[in-house]
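File shown: structure-v4.tsv (TSV, C-alpha atoms).
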```tsv
chain	number	residue	atom	x	y	z
A	670	MET	CA	-44.27	9.24	-96.38
A	671	GLY	CA	-41.77	12.10	-96.20
A	672	ARG	CA	-44.20	14.15	-94.06
A	673	VAL	CA	-44.54	11.37	-91.47
A	674	ARG	CA	-40.77	11.11	-91.08
A	675	ARG	CA	-40.48	14.87	-90.54
A	676	LYS	CA	-43.12	14.81	-87.84
A	677	LEU	CA	-41.40	11.96	-85.97
A	678	PHE	CA	-37.99	13.60	-86.04
A	679	GLY	CA	-38.96	17.26	-86.06
A	680	PRO	CA	-37.83	19.64	-83.31
A	681	TRP	CA	-40.16	18.06	-80.73
A	682	GLY	CA	-39.16	14.51	-81.64
A	683	ILE	CA	-35.46	15.33	-81.37
A	684	GLY	CA	-36.07	17.11	-78.04
A	685	VAL	CA	-37.90	14.08	-76.65
A	686	LEU	CA	-35.14	11.76	-77.90
A	687	VAL	CA	-32.40	13.92	-76.30
A	688	LEU	CA	-34.35	14.10	-73.03
A	689	THR	CA	-34.91	10.32	-73.02
A	690	VAL	CA	-31.20	9.65	-73.57
A	691	ALA	CA	-30.23	12.16	-70.84
A	692	VAL	CA	-32.68	10.71	-68.29
A	693	GLY	CA	-31.62	7.16	-69.17
A	694	GLY	CA	-27.93	8.08	-68.80
A	695	PHE	CA	-28.54	9.77	-65.44
A	696	GLY	CA	-30.56	6.74	-64.26
A	697	LEU	CA	-27.74	4.38	-65.19
A	698	TYR	CA	-25.19	6.58	-63.38
A	699	TRP	CA	-27.38	6.97	-60.28
A	700	PHE	CA	-28.44	3.33	-59.84
A	701	GLN	CA	-25.36	1.63	-61.38
A	702	PRO	CA	-27.26	-1.64	-61.93
A	703	TRP	CA	-24.18	-3.42	-63.35
A	704	LYS	CA	-22.72	-3.49	-59.83
A	705	LEU	CA	-25.28	-6.16	-58.92
A	706	TRP	CA	-23.25	-8.57	-61.07
A	707	GLN	CA	-19.79	-7.32	-60.05
A	708	ASP	CA	-18.14	-8.54	-56.87
A	709	ARG	CA	-14.96	-7.04	-55.46
A	710	THR	CA	-13.06	-9.19	-52.98
A	711	VAL	CA	-10.51	-7.49	-50.74
A	712	GLU	CA	-8.40	-9.59	-48.36
A	713	GLU	CA	-6.32	-7.45	-46.00
A	714	ALA	CA	-4.18	-9.03	-43.33
A	715	LEU	CA	-5.14	-8.64	-39.72
A	716	PRO	CA	-2.80	-6.05	-38.20
A	717	ALA	CA	0.42	-7.78	-37.12
A	718	GLY	CA	0.28	-9.47	-33.74
A	719	ALA	CA	-3.48	-9.04	-33.29
A	720	GLN	CA	-4.96	-10.95	-30.39
A	721	THR	CA	-7.98	-13.15	-30.84
A	722	PRO	CA	-10.56	-12.90	-28.00
A	723	ALA	CA	-10.40	-15.81	-25.52
A	724	GLY	CA	-12.20	-18.84	-26.89
A	725	ALA	CA	-12.56	-17.30	-30.37
A	726	THR	CA	-11.05	-18.75	-33.49
A	727	SER	CA	-8.19	-16.90	-35.15
A	728	SER	CA	-7.75	-16.54	-38.90
A	729	THR	CA	-5.43	-19.57	-38.74
A	730	GLY	CA	-8.17	-21.68	-37.15
A	731	ALA	CA	-6.45	-22.00	-33.75
A	732	SER	CA	-8.28	-20.88	-30.64
A	733	SER	CA	-6.75	-19.01	-27.74
A	734	PRO	CA	-7.01	-20.67	-24.32
A	735	GLU	CA	-9.27	-19.09	-21.69
A	736	GLY	CA	-7.45	-16.41	-19.73
A	737	ALA	CA	-4.25	-16.73	-21.79
A	738	ALA	CA	-2.07	-13.65	-21.54
A	739	PRO	CA	-0.74	-12.15	-24.75
A	740	SER	CA	2.90	-12.97	-25.40
A	741	ALA	CA	3.68	-9.37	-26.35
A	742	PRO	CA	1.82	-6.09	-26.31
A	743	GLY	CA	-0.06	-5.79	-29.55
A	744	PRO	CA	-3.45	-5.24	-31.08
A	745	LYS	CA	-6.42	-6.02	-28.87
A	746	THR	CA	-10.07	-6.57	-29.76
A	747	LEU	CA	-12.20	-4.14	-27.74
A	748	ALA	CA	-15.63	-4.96	-29.19
A	749	GLY	CA	-17.23	-7.03	-31.90
A	750	GLY	CA	-20.42	-8.34	-33.40
A	751	GLU	CA	-22.13	-10.21	-36.24
A	752	LEU	CA	-23.48	-8.37	-39.26
A	753	ILE	CA	-27.21	-8.69	-39.91
A	754	SER	CA	-28.96	-8.05	-43.23
A	755	HIS	CA	-30.89	-4.89	-43.97
A	756	GLU	CA	-31.56	-3.71	-47.55
A	757	HIS	CA	-29.32	-6.48	-48.98
A	758	ALA	CA	-28.26	-9.90	-47.69
A	759	THR	CA	-25.16	-9.22	-45.56
A	760	SER	CA	-23.05	-11.45	-43.32
A	761	GLY	CA	-19.68	-11.46	-41.58
A	762	THR	CA	-18.21	-10.10	-38.38
A	763	VAL	CA	-17.02	-6.69	-37.21
A	764	ARG	CA	-14.25	-6.05	-34.69
A	765	LEU	CA	-13.04	-2.82	-33.11
A	766	VAL	CA	-9.30	-3.32	-32.60
A	767	ARG	CA	-6.82	-1.18	-30.64
A	768	LEU	CA	-3.38	-1.45	-32.24
A	769	ALA	CA	-0.10	-1.52	-30.31
A	770	ASP	CA	0.50	2.18	-31.07
A	771	GLY	CA	-2.85	3.15	-29.49
A	772	SER	CA	-4.67	3.79	-32.78
A	773	HIS	CA	-7.88	1.93	-33.66
A	774	VAL	CA	-9.30	0.11	-36.68
A	775	VAL	CA	-12.68	-1.35	-37.49
A	776	ARG	CA	-12.11	-4.75	-39.07
A	777	LEU	CA	-14.70	-6.46	-41.27
A	778	GLU	CA	-14.09	-10.21	-41.51
A	779	LYS	CA	-15.61	-12.68	-43.96
A	780	LEU	CA	-17.86	-9.91	-45.31
A	781	GLU	CA	-20.46	-10.97	-47.86
A	782	THR	CA	-22.86	-8.32	-49.19
A	783	SER	CA	-24.11	-6.91	-52.48
A	784	ASN	CA	-22.11	-4.35	-54.37
A	785	GLY	CA	-23.71	-0.96	-54.84
A	786	PRO	CA	-23.10	2.70	-55.51
A	787	ASP	CA	-21.35	4.84	-52.89
A	788	LEU	CA	-21.05	2.22	-50.13
A	789	ARG	CA	-19.32	3.37	-46.93
A	790	VAL	CA	-18.42	1.97	-43.52
A	791	LEU	CA	-20.09	3.99	-40.75
A	792	LEU	CA	-19.26	3.92	-37.04
A	793	THR	CA	-22.53	5.02	-35.36
A	794	ASP	CA	-24.43	5.45	-32.11
A	795	ALA	CA	-27.62	3.91	-33.55
A	796	PRO	CA	-29.01	0.67	-32.17
A	797	VAL	CA	-29.05	-2.21	-34.65
A	798	LYS	CA	-32.64	-3.18	-35.44
A	799	GLU	CA	-33.72	-6.10	-37.59
A	800	GLY	CA	-35.87	-5.69	-40.67
A	801	THR	CA	-36.90	-2.46	-42.33
A	802	ALA	CA	-36.92	-0.63	-38.97
A	803	GLY	CA	-33.11	-0.66	-39.07
A	804	TRP	CA	-32.56	0.36	-42.69
A	805	ARG	CA	-32.36	4.14	-42.35
A	806	VAL	CA	-31.33	4.96	-38.76
A	807	PHE	CA	-27.54	5.01	-38.97
A	808	ASP	CA	-27.12	8.58	-40.19
A	809	ASP	CA	-29.72	10.06	-37.80
A	810	GLY	CA	-27.48	10.51	-34.75
A	811	ALA	CA	-23.73	10.60	-34.23
A	812	HIS	CA	-21.87	8.79	-36.99
A	813	ILE	CA	-18.46	8.83	-38.63
A	814	SER	CA	-17.68	7.62	-42.13
A	815	LEU	CA	-14.53	5.48	-42.03
A	816	GLY	CA	-14.30	5.59	-45.82
A	817	LYS	CA	-15.63	3.87	-48.90
A	818	LEU	CA	-16.21	0.13	-48.67
A	819	LYS	CA	-13.08	-1.42	-50.22
A	820	GLY	CA	-14.87	-4.54	-51.43
A	821	ASN	CA	-18.22	-6.22	-50.94
A	822	LYS	CA	-16.48	-9.49	-50.02
A	823	GLY	CA	-13.49	-10.38	-47.88
A	824	SER	CA	-11.72	-9.02	-44.78
A	825	GLN	CA	-10.74	-5.37	-44.52
A	826	ASN	CA	-9.46	-2.75	-42.06
A	827	TYR	CA	-10.78	0.82	-41.66
A	828	VAL	CA	-8.79	3.36	-39.65
A	829	VAL	CA	-10.69	5.22	-36.92
A	830	PRO	CA	-9.63	8.90	-36.67
A	831	GLN	CA	-7.50	9.59	-33.55
A	832	ASP	CA	-9.84	12.21	-32.06
A	833	VAL	CA	-12.91	9.92	-31.98
A	834	ASP	CA	-14.43	9.18	-28.56
A	835	LEU	CA	-15.16	5.48	-29.04
A	836	SER	CA	-17.46	5.36	-26.00
A	837	ARG	CA	-20.05	7.31	-28.07
A	838	TYR	CA	-20.38	4.63	-30.77
A	839	SER	CA	-22.08	1.27	-30.51
A	840	SER	CA	-22.54	-0.07	-34.05
A	841	VAL	CA	-21.10	-0.33	-37.54
A	842	SER	CA	-23.13	-0.12	-40.76
A	843	ILE	CA	-22.37	-0.89	-44.40
A	844	TRP	CA	-24.11	2.26	-45.60
A	845	CYS	CA	-25.25	3.26	-49.09
A	846	ASP	CA	-24.76	7.02	-49.04
A	847	ARG	CA	-26.47	7.45	-52.40
A	848	PHE	CA	-29.81	6.08	-51.17
A	849	ASP	CA	-29.41	6.62	-47.38
A	850	VAL	CA	-29.94	2.98	-46.52
A	851	SER	CA	-28.03	0.31	-44.59
A	852	PHE	CA	-27.06	-2.84	-46.47
A	853	GLY	CA	-26.22	-4.49	-43.12
A	854	ALA	CA	-25.05	-3.62	-39.62
A	855	ALA	CA	-23.52	-5.03	-36.43
A	856	GLU	CA	-23.92	-4.09	-32.79
A	857	LEU	CA	-20.51	-3.69	-31.12
A	858	ALA	CA	-20.52	-5.71	-27.90
A	859	ARG	CA	-17.60	-4.90	-25.58
A	860	VAL	CA	-15.19	-7.79	-25.05
```
Any chance you could give the structure as structure tokens?
Amino acid sequence: MGRVRRKLFGPWGIGVLVLTVAVGGFGLYWFQPWKLWQDRTVEEALPAGAQTPAGATSSTGASSPEGAAPSAPGPKTLAGGELISHEHATSGTVRLVRLADGSHVVRLEKLETSNGPDLRVLLTDAPVKEGTAGWRVFDDGAHISLGKLKGNKGSQNYVVPQDVDLSRYSSVSIWCDRFDVSFGAAELARV
């Protein structure tokens, strides 16, 4: 019986055990499967004084009358769209907002998606396509990472760098940089 034990845990057995533990540890780090059961909700306020597009509902539930002029200069929605699902079920809206100081933010509202490793918000020039045809296109052309996704649920703001030519970009993607795949995306329609 002593000989059998030595053969199982001899130099080769220990090497295989160490390799198995290392590969398993790397796999857990790379895929981070526990994130599938962890949600992170982030609720950031809409920038102060933001205008809601005519006929749209504000975060307070009130709608702005058609053609109503803003009471004071402030943030203005330039473009927006609805998120569609790609690799993971994703919903919510995206708005490109110009703030009173001339800077811009991309705002995700009522976002609902899966959590995952290395998720980012990309501003891109790629067209939004439904189904698997749209999963991998957002890093092929011009794109800018606006930072890591703050939470997989809620409403959040992402600052657009000052030197960005917004006329070059037409969509926003919730992008998994680890696996080069879109969780969901929205076409930015000009308001």
Stretch 807-834 of chain A near stretch 784-792 of chain A within 8 Å: what's each residue's closest atom pair and its distance in Å to one decimal, counting only C-alpha atoms, ordered by chain then ascending residue number, as JSON lines?
```
{"residue": "A:Phe807", "atom": "CA", "partner": "A:Leu791", "partner_atom": "CA", "distance": 7.7}
{"residue": "A:His812", "atom": "CA", "partner": "A:Leu792", "partner_atom": "CA", "distance": 5.5}
{"residue": "A:Ile813", "atom": "CA", "partner": "A:Leu792", "partner_atom": "CA", "distance": 5.2}
{"residue": "A:Ser814", "atom": "CA", "partner": "A:Leu791", "partner_atom": "CA", "distance": 4.6}
{"residue": "A:Leu815", "atom": "CA", "partner": "A:Val790", "partner_atom": "CA", "distance": 5.4}
{"residue": "A:Gly816", "atom": "CA", "partner": "A:Arg789", "partner_atom": "CA", "distance": 5.6}
{"residue": "A:Lys817", "atom": "CA", "partner": "A:Arg789", "partner_atom": "CA", "distance": 4.2}
{"residue": "A:Leu818", "atom": "CA", "partner": "A:Arg789", "partner_atom": "CA", "distance": 4.8}
{"residue": "A:Gly820", "atom": "CA", "partner": "A:Asn784", "partner_atom": "CA", "distance": 7.8}
{"residue": "A:Asn821", "atom": "CA", "partner": "A:Asn784", "partner_atom": "CA", "distance": 5.5}
{"residue": "A:Tyr827", "atom": "CA", "partner": "A:Val790", "partner_atom": "CA", "distance": 7.9}
```
- Between atom CA of A:Ile843 and atom CA of A:Gly743, what is the distance, to one decimal in Å?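 Result for atom CA of A:Ile843 versus atom CA of A:Gly743: 27.2 Å, one decimal.
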- Task: Compile the contact shell of A:Thr782 as a ChimeraX atom specification: residues with an atom at most 7 Å away, counting all atoms listed in the file, same-chain residues fewer than 4 positions apart removed.
- Result: /A:757-760,821-822
- What's the 7 Å shell around A:Arg764, counting all atoms listed in the file, without same-chain residues fewer than 5 positions away, as a ChimeraX atom specification? /A:746,748-750,775-777
- Task: Measuring atom to atom with only C-alpha atoms, identify which of A:Val774, A:Ser842, A:Leu780, A:Pro744 is nearest to A:Pro830.
- Result: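 Checking each of A:Val774, A:Ser842, A:Leu780, A:Pro744 against A:Pro830, counting only C-alpha atoms, the winner is A:Val774.
Taking only C-alpha atoms into account, A:Asp832 lies nearest to A:Gly771 out of the set A:Pro796, A:Gly679, A:Pro742, A:Gly771.
Here atom CA of A:His773 stands at a distance of 27.0 Å from atom CA of A:Arg847.
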Because the input lacks atoms here, generate all heavy atoms for stretch 840-851 of chain A and report them as a PDB file, in the frame of the given file.
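Below is the file selection-v7.pdb, written as the result:
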```
ATOM      1  N   SER A 840     -22.219   0.792 -32.909  1.00  0.00           N
ATOM      2  CA  SER A 840     -22.540  -0.070 -34.050  1.00  0.00           C
ATOM      3  C   SER A 840     -21.748   0.340 -35.283  1.00  0.00           C
ATOM      4  O   SER A 840     -21.189   1.432 -35.345  1.00  0.00           O
ATOM      5  CB  SER A 840     -24.039  -0.038 -34.352  1.00  0.00           C
ATOM      6  OG  SER A 840     -24.453   1.277 -34.666  1.00  0.00           O
ATOM      7  N   VAL A 841     -21.733  -0.570 -36.255  1.00  0.00           N
ATOM      8  CA  VAL A 841     -21.100  -0.330 -37.540  1.00  0.00           C
ATOM      9  C   VAL A 841     -22.118  -0.694 -38.618  1.00  0.00           C
ATOM     10  O   VAL A 841     -22.818  -1.700 -38.502  1.00  0.00           O
ATOM     11  CB  VAL A 841     -19.827  -1.195 -37.709  1.00  0.00           C
ATOM     12  CG1 VAL A 841     -19.279  -1.125 -39.125  1.00  0.00           C
ATOM     13  CG2 VAL A 841     -18.766  -0.771 -36.702  1.00  0.00           C
ATOM     14  N   SER A 842     -22.202   0.136 -39.655  1.00  0.00           N
ATOM     15  CA  SER A 842     -23.130  -0.120 -40.760  1.00  0.00           C
ATOM     16  C   SER A 842     -22.378  -0.090 -42.090  1.00  0.00           C
ATOM     17  O   SER A 842     -21.483   0.729 -42.279  1.00  0.00           O
ATOM     18  CB  SER A 842     -24.236   0.939 -40.789  1.00  0.00           C
ATOM     19  OG  SER A 842     -25.031   0.807 -41.960  1.00  0.00           O
ATOM     20  N   ILE A 843     -22.769  -0.986 -42.994  1.00  0.00           N
ATOM     21  CA  ILE A 843     -22.370  -0.890 -44.400  1.00  0.00           C
ATOM     22  C   ILE A 843     -23.469  -0.017 -45.009  1.00  0.00           C
ATOM     23  O   ILE A 843     -24.606  -0.452 -45.167  1.00  0.00           O
ATOM     24  CB  ILE A 843     -22.326  -2.274 -45.089  1.00  0.00           C
ATOM     25  CG1 ILE A 843     -21.471  -3.255 -44.298  1.00  0.00           C
ATOM     26  CG2 ILE A 843     -21.852  -2.122 -46.529  1.00  0.00           C
ATOM     27  CD1 ILE A 843     -20.043  -2.849 -44.090  1.00  0.00           C
ATOM     28  N   TRP A 844     -23.130   1.222 -45.299  1.00  0.00           N
ATOM     29  CA  TRP A 844     -24.110   2.260 -45.600  1.00  0.00           C
ATOM     30  C   TRP A 844     -24.039   2.680 -47.064  1.00  0.00           C
ATOM     31  O   TRP A 844     -22.961   2.981 -47.582  1.00  0.00           O
ATOM     32  CB  TRP A 844     -23.831   3.462 -44.702  1.00  0.00           C
ATOM     33  CG  TRP A 844     -24.789   4.578 -44.834  1.00  0.00           C
ATOM     34  CD1 TRP A 844     -24.583   5.770 -45.472  1.00  0.00           C
ATOM     35  CD2 TRP A 844     -26.120   4.645 -44.310  1.00  0.00           C
ATOM     36  NE1 TRP A 844     -25.704   6.552 -45.365  1.00  0.00           N
ATOM     37  CE2 TRP A 844     -26.659   5.882 -44.664  1.00  0.00           C
ATOM     38  CE3 TRP A 844     -26.902   3.744 -43.580  1.00  0.00           C
ATOM     39  CZ2 TRP A 844     -27.952   6.266 -44.315  1.00  0.00           C
ATOM     40  CZ3 TRP A 844     -28.190   4.122 -43.225  1.00  0.00           C
ATOM     41  CH2 TRP A 844     -28.687   5.372 -43.585  1.00  0.00           C
ATOM     42  N   CYS A 845     -25.171   2.736 -47.731  1.00  0.00           N
ATOM     43  CA  CYS A 845     -25.250   3.260 -49.090  1.00  0.00           C
ATOM     44  C   CYS A 845     -25.591   4.741 -48.985  1.00  0.00           C
ATOM     45  O   CYS A 845     -26.735   5.107 -48.685  1.00  0.00           O
ATOM     46  CB  CYS A 845     -26.317   2.525 -49.899  1.00  0.00           C
ATOM     47  SG  CYS A 845     -26.465   3.156 -51.586  1.00  0.00           S
ATOM     48  N   ASP A 846     -24.573   5.580 -49.180  1.00  0.00           N
ATOM     49  CA  ASP A 846     -24.760   7.020 -49.040  1.00  0.00           C
ATOM     50  C   ASP A 846     -25.648   7.593 -50.138  1.00  0.00           C
ATOM     51  O   ASP A 846     -26.335   8.579 -49.941  1.00  0.00           O
ATOM     52  CB  ASP A 846     -23.389   7.719 -49.050  1.00  0.00           C
ATOM     53  CG  ASP A 846     -23.341   8.932 -48.155  1.00  0.00           C
ATOM     54  OD1 ASP A 846     -24.106   8.977 -47.172  1.00  0.00           O
ATOM     55  OD2 ASP A 846     -22.537   9.837 -48.437  1.00  0.00           O
ATOM     56  N   ARG A 847     -25.661   6.962 -51.281  1.00  0.00           N
ATOM     57  CA  ARG A 847     -26.470   7.450 -52.400  1.00  0.00           C
ATOM     58  C   ARG A 847     -27.957   7.367 -52.085  1.00  0.00           C
ATOM     59  O   ARG A 847     -28.719   8.253 -52.410  1.00  0.00           O
ATOM     60  CB  ARG A 847     -26.134   6.625 -53.644  1.00  0.00           C
ATOM     61  CG  ARG A 847     -27.008   6.830 -54.838  1.00  0.00           C
ATOM     62  CD  ARG A 847     -26.526   7.767 -55.923  1.00  0.00           C
ATOM     63  NE  ARG A 847     -25.139   8.043 -56.034  1.00  0.00           N
ATOM     64  CZ  ARG A 847     -24.309   7.563 -56.943  1.00  0.00           C
ATOM     65  NH1 ARG A 847     -24.750   6.713 -57.839  1.00  0.00           N
ATOM     66  NH2 ARG A 847     -23.052   7.917 -56.974  1.00  0.00           N
ATOM     67  N   PHE A 848     -28.382   6.282 -51.432  1.00  0.00           N
ATOM     68  CA  PHE A 848     -29.810   6.080 -51.170  1.00  0.00           C
ATOM     69  C   PHE A 848     -30.151   6.130 -49.678  1.00  0.00           C
ATOM     70  O   PHE A 848     -31.285   5.828 -49.303  1.00  0.00           O
ATOM     71  CB  PHE A 848     -30.282   4.756 -51.781  1.00  0.00           C
ATOM     72  CG  PHE A 848     -30.185   4.767 -53.280  1.00  0.00           C
ATOM     73  CD1 PHE A 848     -29.175   4.086 -53.924  1.00  0.00           C
ATOM     74  CD2 PHE A 848     -31.073   5.508 -54.040  1.00  0.00           C
ATOM     75  CE1 PHE A 848     -29.063   4.114 -55.307  1.00  0.00           C
ATOM     76  CE2 PHE A 848     -30.977   5.548 -55.419  1.00  0.00           C
ATOM     77  CZ  PHE A 848     -29.964   4.852 -56.058  1.00  0.00           C
ATOM     78  N   ASP A 849     -29.184   6.509 -48.827  1.00  0.00           N
ATOM     79  CA  ASP A 849     -29.410   6.620 -47.380  1.00  0.00           C
ATOM     80  C   ASP A 849     -30.053   5.377 -46.791  1.00  0.00           C
ATOM     81  O   ASP A 849     -31.103   5.445 -46.139  1.00  0.00           O
ATOM     82  CB  ASP A 849     -30.257   7.857 -47.054  1.00  0.00           C
ATOM     83  CG  ASP A 849     -29.498   9.144 -47.294  1.00  0.00           C
ATOM     84  OD1 ASP A 849     -28.261   9.140 -47.178  1.00  0.00           O
ATOM     85  OD2 ASP A 849     -30.142  10.167 -47.601  1.00  0.00           O
ATOM     86  N   VAL A 850     -29.403   4.234 -47.014  1.00  0.00           N
ATOM     87  CA  VAL A 850     -29.940   2.980 -46.520  1.00  0.00           C
ATOM     88  C   VAL A 850     -28.788   2.060 -46.112  1.00  0.00           C
ATOM     89  O   VAL A 850     -27.716   2.083 -46.701  1.00  0.00           O
ATOM     90  CB  VAL A 850     -30.848   2.304 -47.582  1.00  0.00           C
ATOM     91  CG1 VAL A 850     -30.065   1.859 -48.784  1.00  0.00           C
ATOM     92  CG2 VAL A 850     -31.644   1.169 -47.003  1.00  0.00           C
ATOM     93  N   SER A 851     -29.025   1.269 -45.072  1.00  0.00           N
ATOM     94  CA  SER A 851     -28.030   0.310 -44.590  1.00  0.00           C
ATOM     95  C   SER A 851     -28.173  -1.008 -45.349  1.00  0.00           C
ATOM     96  O   SER A 851     -29.268  -1.540 -45.466  1.00  0.00           O
ATOM     97  CB  SER A 851     -28.248   0.061 -43.089  1.00  0.00           C
ATOM     98  OG  SER A 851     -27.404  -0.958 -42.624  1.00  0.00           O
TER      99      SER A 851
END
```
